[in-house]
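Trainee: Structure supplied as query.cif; contents: mmCIF, C-alpha atoms.
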```
data_input
#
loop_
_atom_site.group_PDB
_atom_site.id
_atom_site.type_symbol
_atom_site.label_atom_id
_atom_site.label_comp_id
_atom_site.auth_asym_id
_atom_site.auth_seq_id
_atom_site.Cartn_x
_atom_site.Cartn_y
_atom_site.Cartn_z
ATOM 1 C CA MET W 21 58.981 100.981 -159.659
ATOM 2 C CA ASN W 22 57.171 103.780 -157.887
ATOM 3 C CA SER W 23 57.049 104.220 -154.130
ATOM 4 C CA SER W 24 53.523 102.800 -153.911
ATOM 5 C CA SER W 25 54.815 99.551 -155.312
ATOM 6 C CA GLU W 26 57.856 99.508 -153.072
ATOM 7 C CA ASN W 27 55.657 99.874 -150.030
ATOM 8 C CA GLY W 28 52.956 97.610 -151.442
ATOM 9 C CA GLY W 29 53.656 94.920 -148.881
ATOM 10 C CA LEU W 30 52.690 97.402 -146.114
ATOM 11 C CA MET W 31 49.533 98.595 -147.819
ATOM 12 C CA GLN W 32 46.118 97.051 -148.182
ATOM 13 C CA PRO W 33 45.807 95.098 -151.448
ATOM 14 C CA VAL W 34 43.690 96.832 -154.090
ATOM 15 C CA ILE W 35 42.209 93.427 -154.981
ATOM 16 C CA SER W 36 42.164 90.483 -152.602
ATOM 17 C CA THR W 37 40.457 87.136 -153.188
ATOM 18 C CA LYS W 38 40.380 84.101 -150.915
ATOM 19 C CA ALA W 39 39.372 80.659 -152.227
ATOM 20 C CA LEU W 40 37.184 82.345 -154.847
ATOM 21 C CA THR W 41 35.105 79.707 -156.633
ATOM 22 C CA MET W 42 32.448 79.995 -159.337
ATOM 23 C CA HIS W 43 30.545 76.890 -160.331
ATOM 24 C CA PHE W 44 28.150 76.890 -163.267
ATOM 25 C CA ARG W 45 25.957 73.948 -164.129
ATOM 26 C CA ARG W 46 28.348 72.457 -166.654
ATOM 27 C CA CYS W 47 31.712 73.842 -165.624
ATOM 28 C CA GLU W 48 33.880 75.106 -162.810
ATOM 29 C CA ALA W 49 34.720 78.617 -164.030
ATOM 30 C CA LEU W 50 36.940 79.446 -161.035
ATOM 31 C CA THR W 51 38.385 77.134 -158.394
ATOM 32 C CA GLU W 52 39.942 78.292 -155.104
ATOM 33 C CA VAL W 53 41.507 81.439 -156.573
ATOM 34 C CA ASP W 54 43.714 83.427 -154.180
ATOM 35 C CA LEU W 55 44.981 86.843 -155.279
ATOM 36 C CA ASP W 56 46.517 89.841 -153.547
ATOM 37 C CA ILE W 57 47.230 92.721 -155.923
ATOM 38 C CA ARG W 58 49.227 95.576 -154.475
ATOM 39 C CA PRO W 59 48.718 99.273 -155.300
ATOM 40 C CA GLY W 60 50.649 101.003 -158.057
ATOM 41 C CA THR W 61 51.166 97.987 -160.288
ATOM 42 C CA VAL W 62 50.028 96.640 -163.627
ATOM 43 C CA PHE W 63 48.697 93.154 -162.903
ATOM 44 C CA ALA W 64 47.992 90.887 -165.875
ATOM 45 C CA LEU W 65 45.682 87.889 -165.726
ATOM 46 C CA LEU W 66 46.707 85.630 -168.610
ATOM 47 C CA GLY W 67 44.558 82.811 -169.895
ATOM 48 C CA GLU W 68 43.056 81.280 -173.015
ATOM 49 C CA ASN W 69 39.500 82.106 -174.054
ATOM 50 C CA GLY W 70 37.202 80.346 -171.602
ATOM 51 C CA ALA W 71 39.809 80.160 -168.836
ATOM 52 C CA GLY W 72 37.630 82.144 -166.406
ATOM 53 C CA LYS W 73 39.070 85.664 -166.823
ATOM 54 C CA THR W 74 35.773 87.431 -167.583
ATOM 55 C CA THR W 75 34.013 85.531 -164.790
ATOM 56 C CA MET W 76 36.667 86.844 -162.409
ATOM 57 C CA ILE W 77 36.061 90.410 -163.573
ATOM 58 C CA ARG W 78 32.279 90.039 -163.222
ATOM 59 C CA ILE W 79 32.750 88.949 -159.614
ATOM 60 C CA LEU W 80 35.198 91.775 -158.852
ATOM 61 C CA THR W 81 32.785 94.371 -160.257
ATOM 62 C CA GLY W 82 29.765 92.981 -158.389
ATOM 63 C CA PHE W 83 27.879 91.648 -161.412
ATOM 64 C CA GLN W 84 28.336 87.988 -160.432
ATOM 65 C CA ARG W 85 27.990 86.397 -157.012
ATOM 66 C CA PRO W 86 30.603 83.658 -156.462
ATOM 67 C CA THR W 87 29.613 80.150 -155.426
ATOM 68 C CA LYS W 88 31.976 80.454 -152.482
ATOM 69 C CA GLY W 89 35.003 82.383 -151.314
ATOM 70 C CA THR W 90 35.439 86.091 -150.638
ATOM 71 C CA CYS W 91 36.912 89.119 -152.351
ATOM 72 C CA THR W 92 37.457 92.812 -151.719
ATOM 73 C CA VAL W 93 38.111 95.566 -154.262
ATOM 74 C CA CYS W 94 39.571 98.819 -152.919
ATOM 75 C CA GLY W 95 38.705 97.485 -149.463
ATOM 76 C CA ILE W 96 35.017 96.994 -150.372
ATOM 77 C CA ASP W 97 33.078 93.752 -150.770
ATOM 78 C CA PRO W 98 31.537 93.954 -154.260
ATOM 79 C CA GLN W 99 28.770 91.551 -153.257
ATOM 80 C CA SER W 100 27.509 93.721 -150.404
ATOM 81 C CA ASP W 101 28.116 97.157 -151.994
ATOM 82 C CA PRO W 102 28.632 96.899 -155.776
ATOM 83 C CA GLN W 103 27.837 100.577 -156.391
ATOM 84 C CA ALA W 104 30.611 101.689 -154.028
ATOM 85 C CA VAL W 105 33.071 99.446 -155.876
ATOM 86 C CA ARG W 106 32.036 100.783 -159.287
ATOM 87 C CA LYS W 107 32.655 104.352 -158.130
ATOM 88 C CA GLN W 108 36.216 103.386 -157.227
ATOM 89 C CA ILE W 109 37.068 101.641 -160.489
ATOM 90 C CA GLY W 110 37.188 102.256 -164.220
ATOM 91 C CA TYR W 111 36.317 99.421 -166.589
ATOM 92 C CA VAL W 112 37.107 98.883 -170.271
ATOM 93 C CA SER W 113 35.985 95.756 -172.148
ATOM 94 C CA ASP W 114 36.904 94.447 -175.585
ATOM 95 C CA ALA W 115 33.469 95.606 -176.849
ATOM 96 C CA PRO W 116 32.477 98.733 -174.889
ATOM 97 C CA ALA W 117 28.725 99.226 -174.517
ATOM 98 C CA LEU W 118 28.116 102.790 -175.680
ATOM 99 C CA TYR W 119 24.846 104.463 -176.718
ATOM 100 C CA ASP W 120 25.249 104.676 -180.510
ATOM 101 C CA TRP W 121 22.701 107.464 -180.934
ATOM 102 C CA MET W 122 24.609 109.821 -178.648
ATOM 103 C CA SER W 123 27.446 112.105 -179.683
ATOM 104 C CA VAL W 124 30.854 111.940 -178.028
ATOM 105 C CA ALA W 125 29.974 115.051 -176.014
ATOM 106 C CA GLN W 126 26.531 113.747 -175.024
ATOM 107 C CA ILE W 127 27.823 110.437 -173.674
ATOM 108 C CA GLY W 128 30.368 112.370 -171.626
ATOM 109 C CA GLY W 129 27.660 114.594 -170.192
ATOM 110 C CA PHE W 130 25.430 111.601 -169.466
ATOM 111 C CA THR W 131 28.191 109.729 -167.641
ATOM 112 C CA ALA W 132 29.248 112.865 -165.749
ATOM 113 C CA SER W 133 25.890 112.842 -163.940
ATOM 114 C CA PHE W 134 27.127 109.845 -161.922
ATOM 115 C CA TYR W 135 30.305 111.580 -160.718
ATOM 116 C CA ASP W 136 31.519 114.882 -159.258
ATOM 117 C CA GLN W 137 32.207 118.150 -161.079
ATOM 118 C CA HIS W 138 35.745 117.136 -162.054
ATOM 119 C CA PHE W 139 34.588 114.343 -164.372
ATOM 120 C CA LEU W 140 33.442 116.357 -167.394
ATOM 121 C CA PRO W 141 36.510 118.631 -167.760
ATOM 122 C CA ALA W 142 38.784 115.594 -167.448
ATOM 123 C CA TYR W 143 36.771 113.677 -170.054
ATOM 124 C CA GLN W 144 36.786 116.629 -172.468
ATOM 125 C CA SER W 145 40.542 116.983 -172.059
ATOM 126 C CA MET W 146 41.118 113.306 -172.898
ATOM 127 C CA ILE W 147 38.854 113.455 -175.944
ATOM 128 C CA ARG W 148 40.827 116.456 -177.240
ATOM 129 C CA ARG W 149 44.094 114.610 -176.669
ATOM 130 C CA TYR W 150 42.761 111.671 -178.692
ATOM 131 C CA GLU W 151 41.690 114.099 -181.460
ATOM 132 C CA ILE W 152 38.065 112.962 -181.413
ATOM 133 C CA GLN W 153 35.444 115.553 -182.355
ATOM 134 C CA PRO W 154 32.818 116.067 -179.593
ATOM 135 C CA GLU W 155 29.956 116.357 -182.103
ATOM 136 C CA GLN W 156 30.671 112.973 -183.733
ATOM 137 C CA LYS W 157 28.025 110.321 -183.212
ATOM 138 C CA ILE W 158 29.197 107.153 -181.469
ATOM 139 C CA ARG W 159 27.786 105.068 -184.343
ATOM 140 C CA HIS W 160 30.131 106.783 -186.787
ATOM 141 C CA LEU W 161 33.329 106.147 -184.804
ATOM 142 C CA SER W 162 35.908 103.547 -185.785
ATOM 143 C CA LYS W 163 36.626 100.715 -183.363
ATOM 144 C CA GLY W 164 39.791 102.491 -182.260
ATOM 145 C CA GLN W 165 37.932 105.751 -181.634
ATOM 146 C CA ARG W 166 35.220 103.933 -179.671
ATOM 147 C CA ALA W 167 37.941 102.326 -177.560
ATOM 148 C CA LYS W 168 39.436 105.754 -176.847
ATOM 149 C CA VAL W 169 36.028 107.130 -175.825
ATOM 150 C CA ALA W 170 35.504 104.119 -173.533
ATOM 151 C CA LEU W 171 38.937 104.611 -171.964
ATOM 152 C CA SER W 172 38.243 108.332 -171.455
ATOM 153 C CA LEU W 173 34.903 107.556 -169.784
ATOM 154 C CA SER W 174 36.638 105.020 -167.545
ATOM 155 C CA LEU W 175 39.458 107.337 -166.472
ATOM 156 C CA ALA W 176 37.804 110.751 -166.178
ATOM 157 C CA HIS W 177 36.875 110.196 -162.519
ATOM 158 C CA ASP W 178 40.515 109.209 -161.804
ATOM 159 C CA PRO W 179 39.769 105.721 -160.412
ATOM 160 C CA SER W 180 42.240 104.063 -158.090
ATOM 161 C CA LEU W 181 41.770 100.827 -160.057
ATOM 162 C CA LEU W 182 41.395 100.386 -163.822
ATOM 163 C CA ILE W 183 40.089 96.987 -164.984
ATOM 164 C CA MET W 184 40.633 96.126 -168.649
ATOM 165 C CA ASP W 185 39.201 92.964 -170.216
ATOM 166 C CA GLU W 186 40.999 92.173 -173.503
ATOM 167 C CA PRO W 187 41.034 95.940 -174.197
ATOM 168 C CA THR W 188 43.191 95.924 -177.344
ATOM 169 C CA SER W 189 41.327 93.161 -179.175
ATOM 170 C CA GLY W 190 41.016 94.112 -182.842
ATOM 171 C CA LEU W 191 42.703 97.496 -182.484
ATOM 172 C CA ASP W 192 45.376 98.774 -184.838
ATOM 173 C CA PRO W 193 49.007 98.974 -183.604
ATOM 174 C CA LYS W 194 48.937 102.738 -182.978
ATOM 175 C CA VAL W 195 45.841 102.541 -180.757
ATOM 176 C CA ARG W 196 47.252 99.458 -178.995
ATOM 177 C CA ARG W 197 50.403 101.411 -178.164
ATOM 178 C CA SER W 198 48.299 104.285 -176.815
ATOM 179 C CA PHE W 199 46.416 101.884 -174.538
ATOM 180 C CA LEU W 200 49.609 100.272 -173.281
ATOM 181 C CA GLU W 201 51.185 103.637 -172.526
ATOM 182 C CA SER W 202 48.084 104.646 -170.582
ATOM 183 C CA MET W 203 48.479 101.566 -168.346
ATOM 184 C CA ILE W 204 52.091 102.387 -167.541
ATOM 185 C CA ASP W 205 51.157 106.015 -166.870
ATOM 186 C CA ARG W 206 48.429 104.932 -164.441
ATOM 187 C CA ALA W 207 50.798 102.756 -162.424
ATOM 188 C CA ALA W 208 53.379 105.552 -162.348
ATOM 189 C CA THR W 209 50.867 107.748 -160.476
ATOM 190 C CA GLY W 210 50.247 105.053 -157.843
ATOM 191 C CA ARG W 211 47.051 103.777 -159.452
ATOM 192 C CA THR W 212 46.542 100.096 -160.216
ATOM 193 C CA VAL W 213 45.714 98.371 -163.499
ATOM 194 C CA PHE W 214 44.130 94.912 -163.700
ATOM 195 C CA LEU W 215 44.575 93.645 -167.242
ATOM 196 C CA SER W 216 42.926 90.494 -168.553
ATOM 197 C CA SER W 217 44.531 89.272 -171.763
ATOM 198 C CA HIS W 218 45.898 86.429 -173.847
ATOM 199 C CA GLN W 219 48.255 88.746 -175.762
ATOM 200 C CA ILE W 220 51.644 87.665 -174.424
ATOM 201 C CA SER W 221 53.744 90.363 -176.108
ATOM 202 C CA GLU W 222 51.532 93.159 -174.756
ATOM 203 C CA VAL W 223 51.622 91.795 -171.237
ATOM 204 C CA GLU W 224 55.430 91.574 -171.351
ATOM 205 C CA ARG W 225 55.633 95.266 -172.209
ATOM 206 C CA VAL W 226 53.492 96.603 -169.369
ATOM 207 C CA ALA W 227 52.956 94.122 -166.521
ATOM 208 C CA ASP W 228 54.753 94.097 -163.169
ATOM 209 C CA THR W 229 52.980 90.992 -161.906
ATOM 210 C CA ILE W 230 51.189 88.193 -163.737
ATOM 211 C CA ALA W 231 48.977 85.225 -163.009
ATOM 212 C CA ILE W 232 48.262 82.439 -165.484
ATOM 213 C CA LEU W 233 44.719 81.083 -165.255
ATOM 214 C CA HIS W 234 43.924 77.676 -166.749
ATOM 215 C CA HIS W 235 40.534 75.966 -166.477
ATOM 216 C CA GLY W 236 39.621 78.244 -163.583
ATOM 217 C CA ARG W 237 42.768 77.603 -161.539
ATOM 218 C CA ILE W 238 45.793 79.818 -160.989
ATOM 219 C CA ARG W 239 48.722 77.837 -162.369
ATOM 220 C CA LEU W 240 51.402 80.451 -161.776
ATOM 221 C CA ILE W 241 51.536 83.839 -160.084
ATOM 222 C CA GLY W 242 54.294 86.274 -159.225
ATOM 223 C CA ASP W 243 56.547 89.117 -160.281
ATOM 224 C CA LEU W 244 57.023 88.944 -164.056
ATOM 225 C CA ASN W 245 60.803 89.326 -163.981
ATOM 226 C CA GLU W 246 61.176 86.722 -161.247
ATOM 227 C CA ILE W 247 59.008 84.271 -163.183
ATOM 228 C CA ARG W 248 61.028 84.758 -166.364
ATOM 229 C CA GLU W 249 64.268 84.180 -164.447
ATOM 230 C CA SER W 250 63.054 81.085 -162.579
ATOM 231 C CA ILE W 251 61.707 78.851 -165.374
ATOM 232 C CA HIS W 252 63.962 76.907 -167.730
ATOM 233 C CA GLN W 253 63.449 74.800 -170.784
ATOM 234 C CA VAL W 254 65.443 71.599 -170.293
ATOM 235 C CA ILE W 255 65.985 69.056 -173.085
ATOM 236 C CA ILE W 256 67.400 65.706 -171.975
ATOM 237 C CA ASP W 257 68.669 63.112 -174.444
ATOM 238 C CA THR W 258 68.308 59.795 -172.636
ATOM 239 C CA ASP W 259 67.195 56.189 -173.008
ATOM 240 C CA ASP W 260 65.815 56.222 -169.436
ATOM 241 C CA PRO W 261 63.549 59.292 -168.907
ATOM 242 C CA LEU W 262 62.167 58.020 -165.593
ATOM 243 C CA ARG W 263 65.603 57.804 -164.029
ATOM 244 C CA ALA W 264 66.639 61.217 -165.364
ATOM 245 C CA ILE W 265 63.509 63.034 -164.220
ATOM 246 C CA SER W 266 63.719 61.423 -160.767
ATOM 247 C CA LYS W 267 66.858 63.530 -160.219
ATOM 248 C CA LEU W 268 64.774 66.716 -160.220
ATOM 249 C CA ASN W 269 63.911 67.152 -156.545
ATOM 250 C CA GLU W 270 62.336 70.005 -154.611
ATOM 251 C CA PRO W 271 62.298 72.938 -154.946
ATOM 252 C CA ALA W 272 62.267 72.131 -158.672
ATOM 253 C CA GLU W 273 58.745 71.968 -160.134
ATOM 254 C CA ILE W 274 58.010 70.450 -163.534
ATOM 255 C CA LEU W 275 55.360 72.548 -165.310
ATOM 256 C CA MET W 276 55.256 70.497 -168.503
ATOM 257 C CA GLU W 277 57.021 67.470 -169.983
ATOM 258 C CA GLU W 278 56.822 65.844 -173.388
ATOM 259 C CA THR W 279 58.759 63.345 -175.475
ATOM 260 C CA GLN W 280 60.336 64.235 -178.805
ATOM 261 C CA GLY W 281 61.965 61.054 -180.120
ATOM 262 C CA ARG W 282 64.753 60.128 -177.693
ATOM 263 C CA SER W 283 64.624 63.592 -176.148
ATOM 264 C CA ARG W 284 62.551 64.641 -173.152
ATOM 265 C CA GLN W 285 61.581 68.318 -173.059
ATOM 266 C CA LEU W 286 60.739 69.798 -169.666
ATOM 267 C CA PHE W 287 59.779 73.231 -168.426
ATOM 268 C CA VAL W 288 61.068 73.442 -164.877
ATOM 269 C CA ARG W 289 60.708 76.103 -162.204
ATOM 270 C CA ASN W 290 63.422 76.650 -159.582
ATOM 271 C CA LEU W 291 66.096 74.629 -161.333
ATOM 272 C CA ASP W 292 69.629 75.080 -160.022
ATOM 273 C CA ASN W 293 73.079 74.321 -161.419
ATOM 274 C CA GLU W 294 73.570 71.363 -159.075
ATOM 275 C CA MET W 295 70.468 69.650 -160.491
ATOM 276 C CA ILE W 296 71.721 70.222 -164.046
ATOM 277 C CA ASP W 297 75.092 68.676 -163.155
ATOM 278 C CA THR W 298 73.304 65.708 -161.560
ATOM 279 C CA LEU W 299 71.215 65.227 -164.708
ATOM 280 C CA ARG W 300 74.328 65.248 -166.882
ATOM 281 C CA MET W 301 75.961 62.539 -164.732
ATOM 282 C CA THR W 302 72.876 60.301 -164.684
ATOM 283 C CA PRO W 303 73.472 56.920 -166.419
ATOM 284 C CA GLY W 304 71.757 56.811 -169.806
ATOM 285 C CA VAL W 305 71.799 60.587 -170.270
ATOM 286 C CA THR W 306 73.851 61.618 -173.306
ATOM 287 C CA ASP W 307 73.128 65.361 -173.359
ATOM 288 C CA VAL W 308 71.355 68.081 -171.346
ATOM 289 C CA ARG W 309 70.535 71.463 -172.879
ATOM 290 C CA CYS W 310 69.113 74.230 -170.724
ATOM 291 C CA ARG W 311 67.989 77.840 -171.252
ATOM 292 C CA LEU W 312 65.573 80.350 -169.757
ATOM 293 C CA ALA W 313 62.044 79.972 -171.156
ATOM 294 C CA THR W 314 60.191 82.830 -172.849
ATOM 295 C CA LEU W 315 56.919 84.065 -171.378
ATOM 296 C CA GLU W 316 55.070 82.575 -174.335
ATOM 297 C CA GLU W 317 56.646 79.166 -173.631
ATOM 298 C CA ILE W 318 55.800 79.508 -169.945
ATOM 299 C CA PHE W 319 52.190 80.305 -170.842
ATOM 300 C CA VAL W 320 51.960 77.246 -173.117
ATOM 301 C CA ALA W 321 53.559 75.058 -170.437
ATOM 302 C CA CYS W 322 51.028 76.208 -167.836
ATOM 303 C CA THR W 323 48.001 75.808 -170.106
ATOM 304 C CA SER W 324 48.857 72.449 -171.705
ATOM 305 C CA PRO W 325 47.867 69.083 -170.258
ATOM 306 C CA THR W 326 50.928 67.497 -168.668
ATOM 307 C CA PRO W 327 51.213 63.865 -169.766
ATOM 308 C CA THR W 328 52.358 61.478 -167.082
ATOM 309 C CA LEU W 329 55.453 59.449 -167.818
ATOM 310 C CA GLU W 330 54.445 55.814 -167.822
ATOM 311 C CA PRO W 331 57.046 53.221 -166.768
ATOM 312 C CA ALA W 332 56.639 51.453 -170.122
ATOM 313 C CA ALA W 333 57.785 54.632 -171.885
ATOM 314 C CA ALA W 334 61.105 54.367 -170.161
ATOM 315 C CA GLY W 335 61.997 51.261 -172.040
ATOM 316 C CA HIS W 336 63.401 51.232 -175.544
#
```
Would you mind giving the structure from this file in structure tokens?

Mentor:
Amino acid sequence: MNSSSENGGLMQPVISTKALTMHFRRCEALTEVDLDIRPGTVFALLGENGAGKTTMIRILTGFQRPTKGTCTVCGIDPQSDPQAVRKQIGYVSDAPALYDWMSVAQIGGFTASFYDQHFLPAYQSMIRRYEIQPEQKIRHLSKGQRAKVALSLSLAHDPSLLIMDEPTSGLDPKVRRSFLESMIDRAATGRTVFLSSHQISEVERVADTIAILHHGRIRLIGDLNEIRESIHQVIIDTDDPLRAISKLNEPAEILMEETQGRSRQLFVRNLDNEMIDTLRMTPGVTDVRCRLATLEEIFVACTSPTPTLEPAAAGH
């Protein structure tokens, strides 16, 4: 981790939200979301389609006013000064809005008018690196080439924060890899990347910190490695699930539980060896199997409805 990350606790968060809530007429898109994203990291917001990820990005970039709560981006309130925020950030969506009638060079020149004199040379350098011809019309570019142009436009002013909303959707593996490498490179220079995605394998490759968003609520947030090391899949063979599960006390937290025949599968955070030993010695328990969960399993556990264990189910 770079020095910016190591000192992140002493530095102002690049993104900070407090009780951020967005209510639409028929749904609660975000509910009481608290985030503090430190500089020099790749932060991934994971969630299914419709979880509230794009709503979050619209609020952070000043295009949506929240129902309540506050947020700052690069120390600026996007509601009171959205233009100042947009000068500090780069943004790449899954379907970049580019003027099809322009050439690659023309759209660079057009965008450069909003920034200082360093923008255009930086943009031209990136386009050359991606082997895209300046005279090509945007309408004639492949999806991968369009994505590279959008990324170049977003990075040429060297923003302190890059926001990417499902940026690799529909791209081929080579272009995906290029995008992922660019995220790691940004964080290595002390810049910050905010990545919204539901692609678990991609997030595992690049993210330092993750949050899992489900129905507008943050279900889990923290350092990726710590999360992977703190959540276990536990399978208990028992004829008395209520008694067995009652042995899991704080700080253990059950994220998901389900019955599979006579077995009870749990995903548990902060499980320790003493709790496992207690489970094994519980009357009615014939076997306990335990292993660290994968990130994909953790994501499913956090985004699945957790059925309550009814007393009647503890019978026969």

Trainee: How would you write, as a VMD selection string, the residues chosen by the PyMOL selection byres ((chain W and resi 258) around 12) on this structure?

Mentor: chain W and resid 255 to 257 259 to 265 279 to 285 299 to 309 333 to 336

Trainee: As a compact mmCIF listing (two decimals) with C-alpha atoms, in the coordinates of the input, please: the residues near W:Glu249 (cut-off 12 Å, all atoms listed in the file, same-chain neighbours under 5 positions excluded).

Mentor:
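What follows is the written file out26.txt:
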```txt
# COMPACT_ATOMS: atom_id res chain seq x y z
CA GLY W 242 54.29 86.27 -159.22
CA ASP W 243 56.55 89.12 -160.28
CA LEU W 244 57.02 88.94 -164.06
CA VAL W 288 61.07 73.44 -164.88
CA ARG W 289 60.71 76.10 -162.20
CA ASN W 290 63.42 76.65 -159.58
CA LEU W 291 66.10 74.63 -161.33
CA ASP W 292 69.63 75.08 -160.02
CA ARG W 311 67.99 77.84 -171.25
CA LEU W 312 65.57 80.35 -169.76
CA ALA W 313 62.04 79.97 -171.16
CA THR W 314 60.19 82.83 -172.85
CA LEU W 315 56.92 84.06 -171.38
CA ILE W 318 55.80 79.51 -169.94
```

Trainee: Write out as an MDAnalysis selection string the residues lying within 6 Å of W:Leu286, counting only C-alpha atoms and excluding same-chain residues fewer than 6 positions away.

Mentor: chainID W and resid 253:254 276:277

Trainee: Excluding stretch 154-162 of chain W and any residue of its chain fewer than 6 positions from it, enumerate the residues within 6 Å of it, using only C-alpha atoms, and give them as a list of chain:residue names.

Mentor: W:Asp120, W:Met122, W:Ser123, W:Val124, W:Ala125

Trainee: Can you write out the residues you just picked, keeping C-alpha atoms, as a PDB file, in the frame of the given file?

Mentor:
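Saved result, part26.pdb, follows:
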```
ATOM      1  CA  ASP W 120      25.249 104.676-180.510  1.00  0.00           C
ATOM      2  CA  MET W 122      24.609 109.821-178.648  1.00  0.00           C
ATOM      3  CA  SER W 123      27.446 112.105-179.683  1.00  0.00           C
ATOM      4  CA  VAL W 124      30.854 111.940-178.028  1.00  0.00           C
ATOM      5  CA  ALA W 125      29.974 115.051-176.014  1.00  0.00           C
TER       6      ALA W 125
END
```

Trainee: Would you mind telling me which residue in W:Pro187, W:Glu222, W:Leu233, W:Ala115 lies nearest to W:Asp54 when using all atoms listed in the file?

Mentor: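 When distances to W:Asp54 are compared using all atoms listed in the file, the smallest one comes from W:Leu233.
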
Trainee: Enumerate, in order of chain and increasing residue number, the residues of stretch 201-301 of chain W with an atom no farther than 6 Å from stretch 55-67 of chain W, each with its shortest atom pair and distance in Å to one decimal, counting all atoms listed in the file, as a tab-separated table.

Mentor:
```
residue	atom	partner	partner_atom	distance
W:Ala207	CA	W:Gly60	CA	4.7
W:Gly210	CA	W:Gly60	CA	4.1
W:Arg211	CA	W:Gly60	CA	4.8
W:Thr212	CA	W:Gly60	CA	4.7
W:Val213	CA	W:Val62	CA	4.7
W:Phe214	CA	W:Phe63	CA	5.0
W:Leu215	CA	W:Ala64	CA	4.6
W:Ser216	CA	W:Leu65	CA	4.7
W:Ser217	CA	W:Leu66	CA	5.3
W:His218	CA	W:Leu66	CA	5.4
W:Ala227	CA	W:Val62	CA	4.8
W:Asp228	CA	W:Val62	CA	5.4
W:Thr229	CA	W:Phe63	CA	4.9
W:Ile230	CA	W:Ala64	CA	4.7
W:Ala231	CA	W:Leu65	CA	5.0
W:Ile232	CA	W:Leu66	CA	4.7
W:Leu233	CA	W:Gly67	CA	5.0
```

Trainee: Got time to write the residues from that selection, C-alpha atoms, as a short mmCIF file (atom, residue, chain, number, x, y, z; two decimals), in the coordinates of the input?

Mentor:
```
data_model
loop_
_atom_site.label_atom_id
_atom_site.label_comp_id
_atom_site.auth_asym_id
_atom_site.auth_seq_id
_atom_site.Cartn_x
_atom_site.Cartn_y
_atom_site.Cartn_z
CA ALA W 207 50.80 102.76 -162.42
CA GLY W 210 50.25 105.05 -157.84
CA ARG W 211 47.05 103.78 -159.45
CA THR W 212 46.54 100.10 -160.22
CA VAL W 213 45.71 98.37 -163.50
CA PHE W 214 44.13 94.91 -163.70
CA LEU W 215 44.58 93.64 -167.24
CA SER W 216 42.93 90.49 -168.55
CA SER W 217 44.53 89.27 -171.76
CA HIS W 218 45.90 86.43 -173.85
CA ALA W 227 52.96 94.12 -166.52
CA ASP W 228 54.75 94.10 -163.17
CA THR W 229 52.98 90.99 -161.91
CA ILE W 230 51.19 88.19 -163.74
CA ALA W 231 48.98 85.22 -163.01
CA ILE W 232 48.26 82.44 -165.48
CA LEU W 233 44.72 81.08 -165.26
#
```

Trainee: Which residues are close to stretch 190-198 of chain W, i.e. within 7 Å by only C-alpha atoms, leaving aside same-chain residues fewer than 3 positions away? Reply as JSON, numbers by chain.

Mentor: {"W": [163, 164, 201, 202]}

Trainee: Using atom CA of W:Ala117 and atom CA of W:Val169 as the two end points, give the distance in Å to one decimal.

Mentor: 10.8 Å
